[in-house]
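Coordinates as given in my_file34.cif (mmCIF, C-alpha atoms and all ligand atoms):
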data_final
#
loop_
_atom_site.label_atom_id
_atom_site.label_comp_id
_atom_site.auth_asym_id
_atom_site.auth_seq_id
_atom_site.Cartn_x
_atom_site.Cartn_y
_atom_site.Cartn_z
CA MET A 295 99.40 111.29 123.52
CA SER A 296 101.25 109.34 120.83
CA ARG A 297 104.07 110.89 118.87
CA GLY A 298 102.22 110.54 115.64
CA TRP A 299 100.03 108.45 113.38
CA PHE A 300 100.73 106.03 110.59
CA VAL A 301 98.25 106.59 107.76
CA THR A 302 97.40 103.44 105.88
CA GLY A 303 94.57 102.60 103.52
CA THR A 304 92.34 99.81 102.42
CA ASP A 305 94.04 100.02 99.01
CA THR A 306 96.17 102.26 96.85
CA GLY A 307 94.54 105.45 95.57
CA VAL A 308 91.96 105.64 98.37
CA GLY A 309 92.89 109.08 99.70
CA LYS A 310 95.79 108.49 102.10
CA THR A 311 97.65 111.58 100.91
CA VAL A 312 94.52 113.76 100.98
CA VAL A 313 93.75 112.59 104.53
CA SER A 314 97.39 112.82 105.69
CA CYS A 315 97.61 116.42 104.48
CA ALA A 316 94.27 117.24 106.17
CA LEU A 317 95.59 115.75 109.42
CA VAL A 318 98.80 117.77 109.12
CA ARG A 319 96.88 121.01 108.57
CA GLY A 320 94.52 120.25 111.45
CA LEU A 321 97.40 119.52 113.82
CA ARG A 322 99.27 122.66 112.78
CA ALA A 323 96.10 124.71 113.35
CA ARG A 324 96.29 123.43 116.93
CA GLY A 325 99.79 124.75 117.24
CA LEU A 326 101.72 121.48 116.87
CA ASP A 327 105.04 121.25 115.04
CA VAL A 328 104.33 118.43 112.60
CA GLY A 329 106.88 116.38 110.68
CA VAL A 330 105.95 114.16 107.76
CA MET A 331 107.28 111.03 106.12
CA LYS A 332 106.53 108.87 103.13
CA PRO A 333 109.09 106.14 103.86
CA ALA A 334 108.97 104.67 100.36
CA GLU A 335 107.28 106.13 97.30
CA THR A 336 106.90 104.28 94.02
CA GLY A 337 105.76 105.46 90.61
CA VAL A 338 108.13 108.41 91.00
CA GLU A 339 108.78 110.35 87.78
CA ALA A 340 110.93 113.36 86.91
CA ALA A 341 108.76 115.69 89.02
CA GLY A 342 109.85 113.80 92.15
CA PRO A 343 107.90 111.99 94.88
CA LEU A 344 104.56 113.78 94.65
CA ASP A 345 103.06 112.37 97.86
CA ALA A 346 106.12 113.40 99.84
CA ILE A 347 106.03 116.87 98.25
CA ALA A 348 102.33 117.27 99.12
CA LEU A 349 103.04 116.22 102.71
CA ARG A 350 106.03 118.55 102.97
CA ASP A 351 103.99 121.47 101.63
CA ALA A 352 101.08 120.77 104.02
CA ALA A 353 103.53 120.71 106.93
CA ALA A 354 105.50 123.71 105.59
CA ALA A 355 108.47 121.56 106.61
CA SER A 356 112.01 122.65 105.79
CA ASP A 357 113.29 119.06 106.04
CA ALA A 358 115.11 117.64 103.03
CA LEU A 359 112.88 115.75 100.64
CA ASP A 360 115.21 112.75 100.73
CA GLN A 361 114.64 112.52 104.47
CA ILE A 362 110.88 112.91 104.16
CA CYS A 363 111.00 110.23 101.47
CA PRO A 364 114.26 108.29 101.79
CA GLN A 365 113.37 105.61 99.23
CA THR A 366 111.95 106.34 95.78
CA PHE A 367 111.37 104.00 92.85
CA ALA A 368 110.08 104.46 89.32
CA LEU A 369 107.79 101.47 88.95
CA PRO A 370 104.27 102.08 90.32
CA ALA A 371 104.23 98.89 92.38
CA ALA A 372 104.80 97.73 95.95
CA PRO A 373 108.15 99.05 97.24
CA THR A 374 109.90 95.65 97.27
CA VAL A 375 108.65 94.93 93.75
CA ALA A 376 109.60 98.37 92.41
CA ALA A 377 113.04 98.05 94.02
CA GLN A 378 113.61 94.63 92.50
CA ALA A 379 112.71 95.98 89.05
CA GLU A 380 115.69 98.33 89.44
CA GLY A 381 117.97 95.59 90.74
CA ARG A 382 117.86 97.21 94.18
CA GLU A 383 116.51 96.40 97.62
CA VAL A 384 114.58 98.78 99.84
CA ASP A 385 117.07 100.24 102.30
CA ALA A 386 115.43 99.73 105.70
CA GLU A 387 118.31 101.48 107.46
CA ALA A 388 117.83 104.63 105.38
CA ILE A 389 114.17 104.68 106.42
CA ARG A 390 115.05 104.12 110.09
CA ALA A 391 117.73 106.83 110.04
CA ALA A 392 115.34 109.37 108.47
CA TRP A 393 112.65 108.50 111.02
CA ARG A 394 115.06 108.93 113.94
CA GLU A 395 116.14 112.32 112.67
CA LEU A 396 112.68 113.67 111.77
CA SER A 397 110.87 112.30 114.80
CA SER A 398 113.45 113.85 117.11
CA ARG A 399 113.10 117.20 115.32
CA HIS A 400 109.30 117.41 115.39
CA GLU A 401 106.62 117.23 118.06
CA PHE A 402 104.33 114.98 116.07
CA MET A 403 104.79 112.82 112.96
CA ILE A 404 102.41 111.87 110.19
CA VAL A 405 103.74 108.90 108.21
CA GLU A 406 101.99 107.82 105.01
CA GLY A 407 102.39 104.19 104.06
CA ALA A 408 102.34 102.85 100.51
CA GLY A 409 99.25 100.88 99.44
CA GLY A 410 97.58 98.99 102.28
CA LEU A 411 98.60 97.36 105.54
CA LEU A 412 100.07 94.10 104.22
CA VAL A 413 102.04 95.62 101.36
CA PRO A 414 105.73 94.74 101.75
CA ILE A 415 107.91 97.73 102.64
CA TRP A 416 111.19 95.85 102.62
CA LYS A 417 112.20 92.21 102.50
CA GLY A 418 110.31 90.35 105.23
CA ALA A 419 108.39 93.39 106.54
CA THR A 420 104.96 94.83 105.79
CA MET A 421 103.54 98.31 106.41
CA ALA A 422 102.00 96.83 109.57
CA ASP A 423 105.48 95.82 110.76
CA LEU A 424 106.76 99.32 110.04
CA ALA A 425 103.89 100.96 111.98
CA ASN A 426 104.66 98.57 114.83
CA GLU A 427 108.39 99.35 114.74
CA LEU A 428 107.65 103.09 114.82
CA SER A 429 105.10 102.54 117.64
CA LEU A 430 102.49 104.56 115.78
CA PRO A 431 98.73 104.06 115.99
CA LEU A 432 96.98 103.74 112.64
CA ILE A 433 94.60 105.94 110.76
CA ILE A 434 92.95 103.75 108.12
CA VAL A 435 91.64 105.50 105.02
CA ALA A 436 88.73 103.75 103.33
CA ARG A 437 86.89 104.13 100.06
CA ALA A 438 83.25 105.15 100.01
CA ALA A 439 82.26 103.00 97.03
CA LEU A 440 81.10 99.38 96.90
CA GLY A 441 83.55 96.83 98.27
CA THR A 442 84.51 99.03 101.13
CA ILE A 443 82.75 97.14 103.94
CA ASN A 444 84.91 94.09 103.40
CA HIS A 445 88.16 95.97 102.71
CA THR A 446 87.75 98.22 105.72
CA LEU A 447 86.75 95.58 108.25
CA LEU A 448 89.52 93.27 107.01
CA SER A 449 92.05 96.07 107.46
CA VAL A 450 90.84 96.86 110.98
CA GLU A 451 90.91 93.18 111.92
CA ALA A 452 94.36 92.58 110.44
CA ALA A 453 95.71 95.60 112.30
CA GLU A 454 94.25 94.57 115.62
CA GLN A 455 95.39 90.97 115.22
CA ARG A 456 98.92 92.31 114.83
CA GLY A 457 98.64 94.26 118.05
CA LEU A 458 98.36 97.63 116.32
CA THR A 459 96.09 100.35 117.66
CA VAL A 460 93.53 101.68 115.21
CA ALA A 461 93.15 105.32 116.21
CA GLY A 462 90.37 105.75 113.69
CA VAL A 463 89.01 105.24 110.18
CA VAL A 464 88.46 108.07 107.70
CA ILE A 465 86.30 107.55 104.62
CA SER A 466 87.35 109.55 101.57
CA HIS A 467 84.99 109.93 98.63
CA ALA A 468 87.76 109.63 96.06
CA THR A 469 85.44 108.02 93.54
CA GLY A 470 83.03 110.99 93.47
CA PRO A 471 79.27 110.98 94.04
CA LEU A 472 77.77 107.64 95.06
CA SER A 473 75.01 105.56 93.49
CA ASP A 474 71.99 104.72 95.65
CA ALA A 475 73.40 101.25 96.27
CA ASP A 476 76.78 102.71 97.31
CA THR A 477 75.02 105.13 99.64
CA LEU A 478 73.13 102.38 101.44
CA ASN A 479 76.28 100.28 101.57
CA LEU A 480 78.23 103.13 103.11
CA MET A 481 75.56 103.59 105.77
CA ALA A 482 76.13 99.97 106.76
CA LEU A 483 79.88 100.59 107.01
CA ARG A 484 79.33 103.67 109.18
CA ASP A 485 77.18 101.55 111.50
CA ALA A 486 79.74 98.76 111.61
CA LEU A 487 82.55 101.18 112.46
CA GLY A 488 80.65 103.08 115.12
CA THR A 489 82.97 105.34 117.09
CA ARG A 490 86.01 104.15 115.11
CA LEU A 491 84.82 106.38 112.23
CA ILE A 492 86.47 109.71 112.94
CA GLY A 493 85.88 111.54 109.71
CA GLU A 494 84.64 111.61 106.18
CA ILE A 495 85.99 113.64 103.28
CA PRO A 496 83.17 114.38 100.80
CA PRO A 497 83.87 114.45 97.05
CA LEU A 498 86.27 117.36 96.51
CA VAL A 499 86.09 119.43 93.35
CA GLY A 500 89.30 120.45 91.57
CA HIS A 501 92.04 121.33 94.01
CA ALA A 502 89.67 122.03 96.90
CA LEU A 503 90.98 121.08 100.35
CA PRO A 504 88.86 119.16 102.84
CA ALA A 505 86.93 121.42 105.21
CA GLU A 506 88.53 122.05 108.57
CA GLY A 507 86.84 119.70 110.99
CA ALA A 508 86.17 116.98 108.39
CA ILE A 509 88.31 114.79 110.63
CA ASP A 510 87.44 114.95 114.31
CA LEU A 511 90.80 115.48 115.98
CA ASP A 512 89.12 115.73 119.39
CA ARG A 513 88.11 112.10 119.04
CA LEU A 514 91.78 111.28 118.45
CA GLY A 515 92.67 112.61 121.85
CA LEU A 516 93.89 116.01 120.67
N1 LIG B 1 87.40 113.07 98.92
C1 LIG B 1 87.94 113.15 97.70
N2 LIG B 1 87.32 113.82 96.71
C2 LIG B 1 87.85 113.90 95.47
N3 LIG B 1 88.99 113.34 95.11
C3 LIG B 1 89.67 112.65 96.06
C4 LIG B 1 89.19 112.51 97.39
N4 LIG B 1 90.07 111.77 98.10
C5 LIG B 1 91.05 111.46 97.24
N5 LIG B 1 90.82 111.98 96.03
C6 LIG B 1 91.63 111.88 94.83
O1 LIG B 1 91.85 110.49 94.58
C7 LIG B 1 93.17 110.29 94.13
C8 LIG B 1 93.87 109.35 95.10
O2 LIG B 1 93.99 110.02 96.34
P1 LIG B 1 95.34 109.97 97.15
O3 LIG B 1 96.48 110.31 96.27
O4 LIG B 1 95.17 110.76 98.40
O5 LIG B 1 95.35 108.40 97.47
P2 LIG B 1 96.50 107.55 98.16
O6 LIG B 1 95.79 106.49 98.94
O7 LIG B 1 97.41 108.45 98.86
O8 LIG B 1 97.22 106.89 96.89
P3 LIG B 1 98.68 106.17 96.87
O9 LIG B 1 98.40 104.74 97.20
O10 LIG B 1 99.10 106.38 95.46
O11 LIG B 1 99.55 106.85 97.87
C9 LIG B 1 93.85 111.66 94.04
O12 LIG B 1 93.71 112.15 92.72
C10 LIG B 1 93.02 112.49 95.00
O13 LIG B 1 93.02 113.86 94.69
MG MG B 2 99.44 108.72 98.58
#

As structure tokens, please, write out the structure in this file.
Amino acid sequence: MSRGWFVTGTDTGVGKTVVSCALVRGLRARGLDVGVMKPAETGVEAAGPLDAIALRDAAAASDALDQICPQTFALPAAPTVAAQAEGREVDAEAIRAAWRELSSRHEFMIVEGAGGLLVPIWKGATMADLANELSLPLIIVARAALGTINHTLLSVEAAEQRGLTVAGVVISHATGPLSDADTLNLMALRDALGTRLIGEIPPLVGHALPAEGAIDLDRLGL
């Protein structure tokens, strides 16, 4: 069994945090001590890094927020871009140090990337490089709406070409109910993914949480 999963997406805003939190809750329900990380969060306002806070709350982790999320930036852009806007650089060592600490403290780690797989995390490194460095298999979160066949299959292919393991794909219906065309399109994606599709989060209303079992943890070897 791996020590964790790196949750990436086909894009920003596709449901990575929703899926990461669902994974954390599912793992905890199986008795695992789960640690969480959002290595770099951008678009951070006075309320703090909201993805990292959601992950921390799902894990009921007592770890410091600046370890869960060692790098925060105000501009809602890729980490390197948001850092540059502040005249800073992303501190790779701070991310590595937090990972070492948290991954040694917890049985299993869920790490949420920023944006998609080829988004730069620090100078010269993408999210794919980070997942590789942490030796974590990927969970890829995909949209349900039109465009998703291409985005999802490109992400799977890019991951595999880089030697990463795709543990599974989860589709999240972040854009709400689908049109007839979207529905047919999604059926084609499900077929194309076959057994790599390990879960689907239907459109959630308000602050509803995904149903337990929406992601098939058994298929992930747990
Ligand atoms: N299945 C769903 N049903 C309803 N709303 C959803 C669903 N999945 C995600 N959302 C909503 O879509 C928005 C984006 O989701 P989320 O924050 O999880 O995406 P993300 O990929 O983590 O984004 P980011 O790139 O900013 O980290 C949020 O408002 C979230 O509540
Ligand atoms: Mg997120």

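Put simply, atom CA of Val384 of chain A is 23.7 Å away from atom C8 of ligand LIG 1 (chain B).
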
Surroundings of ligand LIG 1 (chain B) up to 7 Å, based on all atoms listed in the file, as a list in words: Gly303, Asp305, Thr306, Gly307, Val308, Gly309, Lys310, Thr311, Val312, Val313, Asp345, Ala408, Gly409, Ser466, His467, Ala468, Thr469, Gly470, Ile495, Pro496, Pro497, Leu498 and Val499 of chain A

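Ranking A:Glu451, A:Ala461, A:Ala355, A:Ala340 by their shortest atom-to-atom distance to Leu516 of chain A, with only C-alpha atoms included, puts A:Ala461 first.
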
Can you pull out every residue within 6 Å of Ile433 of chain A, counting only C-alpha atoms, but drop anything in the same chain fewer than 4 positions away, and send it as a ChimeraX atom specification? /A:301,461-463

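Candidate residues A:Leu483, A:Ala348, A:Arg456, A:Thr336 were compared for distance to Glu380 of chain A, and the nearest is A:Thr336, using all atoms listed in the file.
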
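Atom CA of Thr442 of chain A lies 12.9 Å from atom CA of Asp485 of chain A.
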
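Closest approach to ligand MG 2 (chain B) from the set A:Gly500, A:Gly407, A:Gly320, A:Gly457 is made by A:Gly407, with distances taken over all atoms listed in the file.
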
Calculated over all atoms listed in the file, which of the candidates A:Phe300, A:Phe402, A:Trp393, A:Trp416 has the smallest distance to Ala376 of chain A? A:Trp416

Here's a test: counting all atoms listed in the file, identify every protein, DNA and RNA residue with an atom at most 9 Å from (103.7, 97.6, 107.1) in the file's coordinate frame, and state them as a ChimeraX atom specification. /A:302,407-408,410-416,419-426

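Distances from A:Asp476, A:Asp327, A:Glu335, A:Asp357 to ligand MG 2 (chain B) were compared using only C-alpha atoms and all ligand atoms, and the smallest one belongs to A:Glu335.
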
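For the choices A:Ile389, A:Met481, A:Ala436, A:Val405, the atom-to-atom distance to Val330 of chain A is smallest for A:Val405 when using only C-alpha atoms.
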
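Around Ile404 of chain A, within 10 Å and counting only C-alpha atoms, the residues found are Arg297, Gly298, Trp299, Phe300, Val301, Ser314, Cys315, Leu317, Val318, Leu321, Val328, Gly329, Val330, Met331, Lys332, Leu349, Ala353, Ser397, Leu430 and Ile433 of chain A, once anything fewer than 5 positions away on its own chain is removed.
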
Starting from the incomplete input, reconstruct N, CA and C atoms of segment 412-443 of chain A and write that as a PDB file, in the coordinates of the input.
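What landed in selection03.pdb:
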ATOM      1  N   LEU A 412      99.218  95.284 104.387  1.00  0.00           N
ATOM      2  CA  LEU A 412     100.070  94.100 104.220  1.00  0.00           C
ATOM      3  C   LEU A 412     100.989  94.202 103.001  1.00  0.00           C
ATOM      4  N   VAL A 413     101.088  95.408 102.458  1.00  0.00           N
ATOM      5  CA  VAL A 413     102.040  95.620 101.360  1.00  0.00           C
ATOM      6  C   VAL A 413     103.461  95.556 101.922  1.00  0.00           C
ATOM      7  N   PRO A 414     104.354  94.833 101.238  1.00  0.00           N
ATOM      8  CA  PRO A 414     105.730  94.740 101.750  1.00  0.00           C
ATOM      9  C   PRO A 414     106.483  96.064 101.587  1.00  0.00           C
ATOM     10  N   ILE A 415     107.121  96.488 102.678  1.00  0.00           N
ATOM     11  CA  ILE A 415     107.910  97.730 102.640  1.00  0.00           C
ATOM     12  C   ILE A 415     109.359  97.401 102.340  1.00  0.00           C
ATOM     13  N   TRP A 416     109.884  96.385 102.996  1.00  0.00           N
ATOM     14  CA  TRP A 416     111.190  95.850 102.620  1.00  0.00           C
ATOM     15  C   TRP A 416     111.128  94.346 102.808  1.00  0.00           C
ATOM     16  N   LYS A 417     112.198  93.673 102.465  1.00  0.00           N
ATOM     17  CA  LYS A 417     112.200  92.210 102.500  1.00  0.00           C
ATOM     18  C   LYS A 417     111.810  91.716 103.897  1.00  0.00           C
ATOM     19  N   GLY A 418     110.716  90.958 103.957  1.00  0.00           N
ATOM     20  CA  GLY A 418     110.310  90.350 105.230  1.00  0.00           C
ATOM     21  C   GLY A 418     109.499  91.260 106.134  1.00  0.00           C
ATOM     22  N   ALA A 419     109.154  92.468 105.679  1.00  0.00           N
ATOM     23  CA  ALA A 419     108.390  93.390 106.540  1.00  0.00           C
ATOM     24  C   ALA A 419     107.270  94.064 105.761  1.00  0.00           C
ATOM     25  N   THR A 420     106.106  94.156 106.405  1.00  0.00           N
ATOM     26  CA  THR A 420     104.960  94.830 105.790  1.00  0.00           C
ATOM     27  C   THR A 420     104.803  96.238 106.393  1.00  0.00           C
ATOM     28  N   MET A 421     103.852  96.985 105.839  1.00  0.00           N
ATOM     29  CA  MET A 421     103.540  98.310 106.410  1.00  0.00           C
ATOM     30  C   MET A 421     103.115  98.158 107.869  1.00  0.00           C
ATOM     31  N   ALA A 422     102.414  97.060 108.182  1.00  0.00           N
ATOM     32  CA  ALA A 422     102.000  96.830 109.570  1.00  0.00           C
ATOM     33  C   ALA A 422     103.236  96.684 110.464  1.00  0.00           C
ATOM     34  N   ASP A 423     104.239  95.972 109.974  1.00  0.00           N
ATOM     35  CA  ASP A 423     105.480  95.820 110.760  1.00  0.00           C
ATOM     36  C   ASP A 423     106.153  97.181 110.966  1.00  0.00           C
ATOM     37  N   LEU A 424     106.134  97.998 109.928  1.00  0.00           N
ATOM     38  CA  LEU A 424     106.760  99.320 110.040  1.00  0.00           C
ATOM     39  C   LEU A 424     106.016 100.180 111.077  1.00  0.00           C
ATOM     40  N   ALA A 425     104.681 100.180 111.007  1.00  0.00           N
ATOM     41  CA  ALA A 425     103.890 100.960 111.980  1.00  0.00           C
ATOM     42  C   ALA A 425     104.198 100.475 113.394  1.00  0.00           C
ATOM     43  N   ASN A 426     104.347  99.172 113.528  1.00  0.00           N
ATOM     44  CA  ASN A 426     104.660  98.570 114.830  1.00  0.00           C
ATOM     45  C   ASN A 426     106.051  99.009 115.295  1.00  0.00           C
ATOM     46  N   GLU A 427     107.012  98.962 114.384  1.00  0.00           N
ATOM     47  CA  GLU A 427     108.390  99.350 114.740  1.00  0.00           C
ATOM     48  C   GLU A 427     108.443 100.820 115.159  1.00  0.00           C
ATOM     49  N   LEU A 428     107.647 101.658 114.505  1.00  0.00           N
ATOM     50  CA  LEU A 428     107.650 103.090 114.820  1.00  0.00           C
ATOM     51  C   LEU A 428     106.730 103.405 116.012  1.00  0.00           C
ATOM     52  N   SER A 429     106.037 102.382 116.507  1.00  0.00           N
ATOM     53  CA  SER A 429     105.100 102.540 117.640  1.00  0.00           C
ATOM     54  C   SER A 429     104.037 103.592 117.358  1.00  0.00           C
ATOM     55  N   LEU A 430     103.505 103.570 116.151  1.00  0.00           N
ATOM     56  CA  LEU A 430     102.490 104.560 115.780  1.00  0.00           C
ATOM     57  C   LEU A 430     101.117 103.901 115.649  1.00  0.00           C
ATOM     58  N   PRO A 431     100.086 104.513 116.253  1.00  0.00           N
ATOM     59  CA  PRO A 431      98.730 104.060 115.990  1.00  0.00           C
ATOM     60  C   PRO A 431      98.351 104.340 114.530  1.00  0.00           C
ATOM     61  N   LEU A 432      97.364 103.605 114.045  1.00  0.00           N
ATOM     62  CA  LEU A 432      96.980 103.740 112.640  1.00  0.00           C
ATOM     63  C   LEU A 432      95.771 104.627 112.438  1.00  0.00           C
ATOM     64  N   ILE A 433      95.816 105.351 111.336  1.00  0.00           N
ATOM     65  CA  ILE A 433      94.600 105.940 110.760  1.00  0.00           C
ATOM     66  C   ILE A 433      94.386 105.150 109.467  1.00  0.00           C
ATOM     67  N   ILE A 434      93.241 104.535 109.332  1.00  0.00           N
ATOM     68  CA  ILE A 434      92.950 103.750 108.120  1.00  0.00           C
ATOM     69  C   ILE A 434      92.029 104.554 107.223  1.00  0.00           C
ATOM     70  N   VAL A 435      92.467 104.762 105.989  1.00  0.00           N
ATOM     71  CA  VAL A 435      91.640 105.500 105.020  1.00  0.00           C
ATOM     72  C   VAL A 435      90.900 104.484 104.159  1.00  0.00           C
ATOM     73  N   ALA A 436      89.591 104.697 104.045  1.00  0.00           N
ATOM     74  CA  ALA A 436      88.730 103.750 103.330  1.00  0.00           C
ATOM     75  C   ALA A 436      88.021 104.438 102.177  1.00  0.00           C
ATOM     76  N   ARG A 437      87.720 103.654 101.160  1.00  0.00           N
ATOM     77  CA  ARG A 437      86.890 104.130 100.060  1.00  0.00           C
ATOM     78  C   ARG A 437      85.441 104.278 100.516  1.00  0.00           C
ATOM     79  N   ALA A 438      84.685 105.047  99.736  1.00  0.00           N
ATOM     80  CA  ALA A 438      83.250 105.150 100.010  1.00  0.00           C
ATOM     81  C   ALA A 438      82.463 104.163  99.148  1.00  0.00           C
ATOM     82  N   ALA A 439      83.018 103.780  98.011  1.00  0.00           N
ATOM     83  CA  ALA A 439      82.260 103.000  97.030  1.00  0.00           C
ATOM     84  C   ALA A 439      82.204 101.508  97.387  1.00  0.00           C
ATOM     85  N   LEU A 440      81.360 100.799  96.647  1.00  0.00           N
ATOM     86  CA  LEU A 440      81.100  99.380  96.900  1.00  0.00           C
ATOM     87  C   LEU A 440      82.396  98.570  97.047  1.00  0.00           C
ATOM     88  N   GLY A 441      82.357  97.628  97.969  1.00  0.00           N
ATOM     89  CA  GLY A 441      83.550  96.830  98.270  1.00  0.00           C
ATOM     90  C   GLY A 441      84.199  97.263  99.558  1.00  0.00           C
ATOM     91  N   THR A 442      83.788  98.425 100.011  1.00  0.00           N
ATOM     92  CA  THR A 442      84.510  99.030 101.130  1.00  0.00           C
ATOM     93  C   THR A 442      84.217  98.387 102.479  1.00  0.00           C
ATOM     94  N   ILE A 443      83.047  97.778 102.642  1.00  0.00           N
ATOM     95  CA  ILE A 443      82.750  97.140 103.940  1.00  0.00           C
ATOM     96  C   ILE A 443      83.795  96.058 104.204  1.00  0.00           C
TER      97      ILE A 443
END
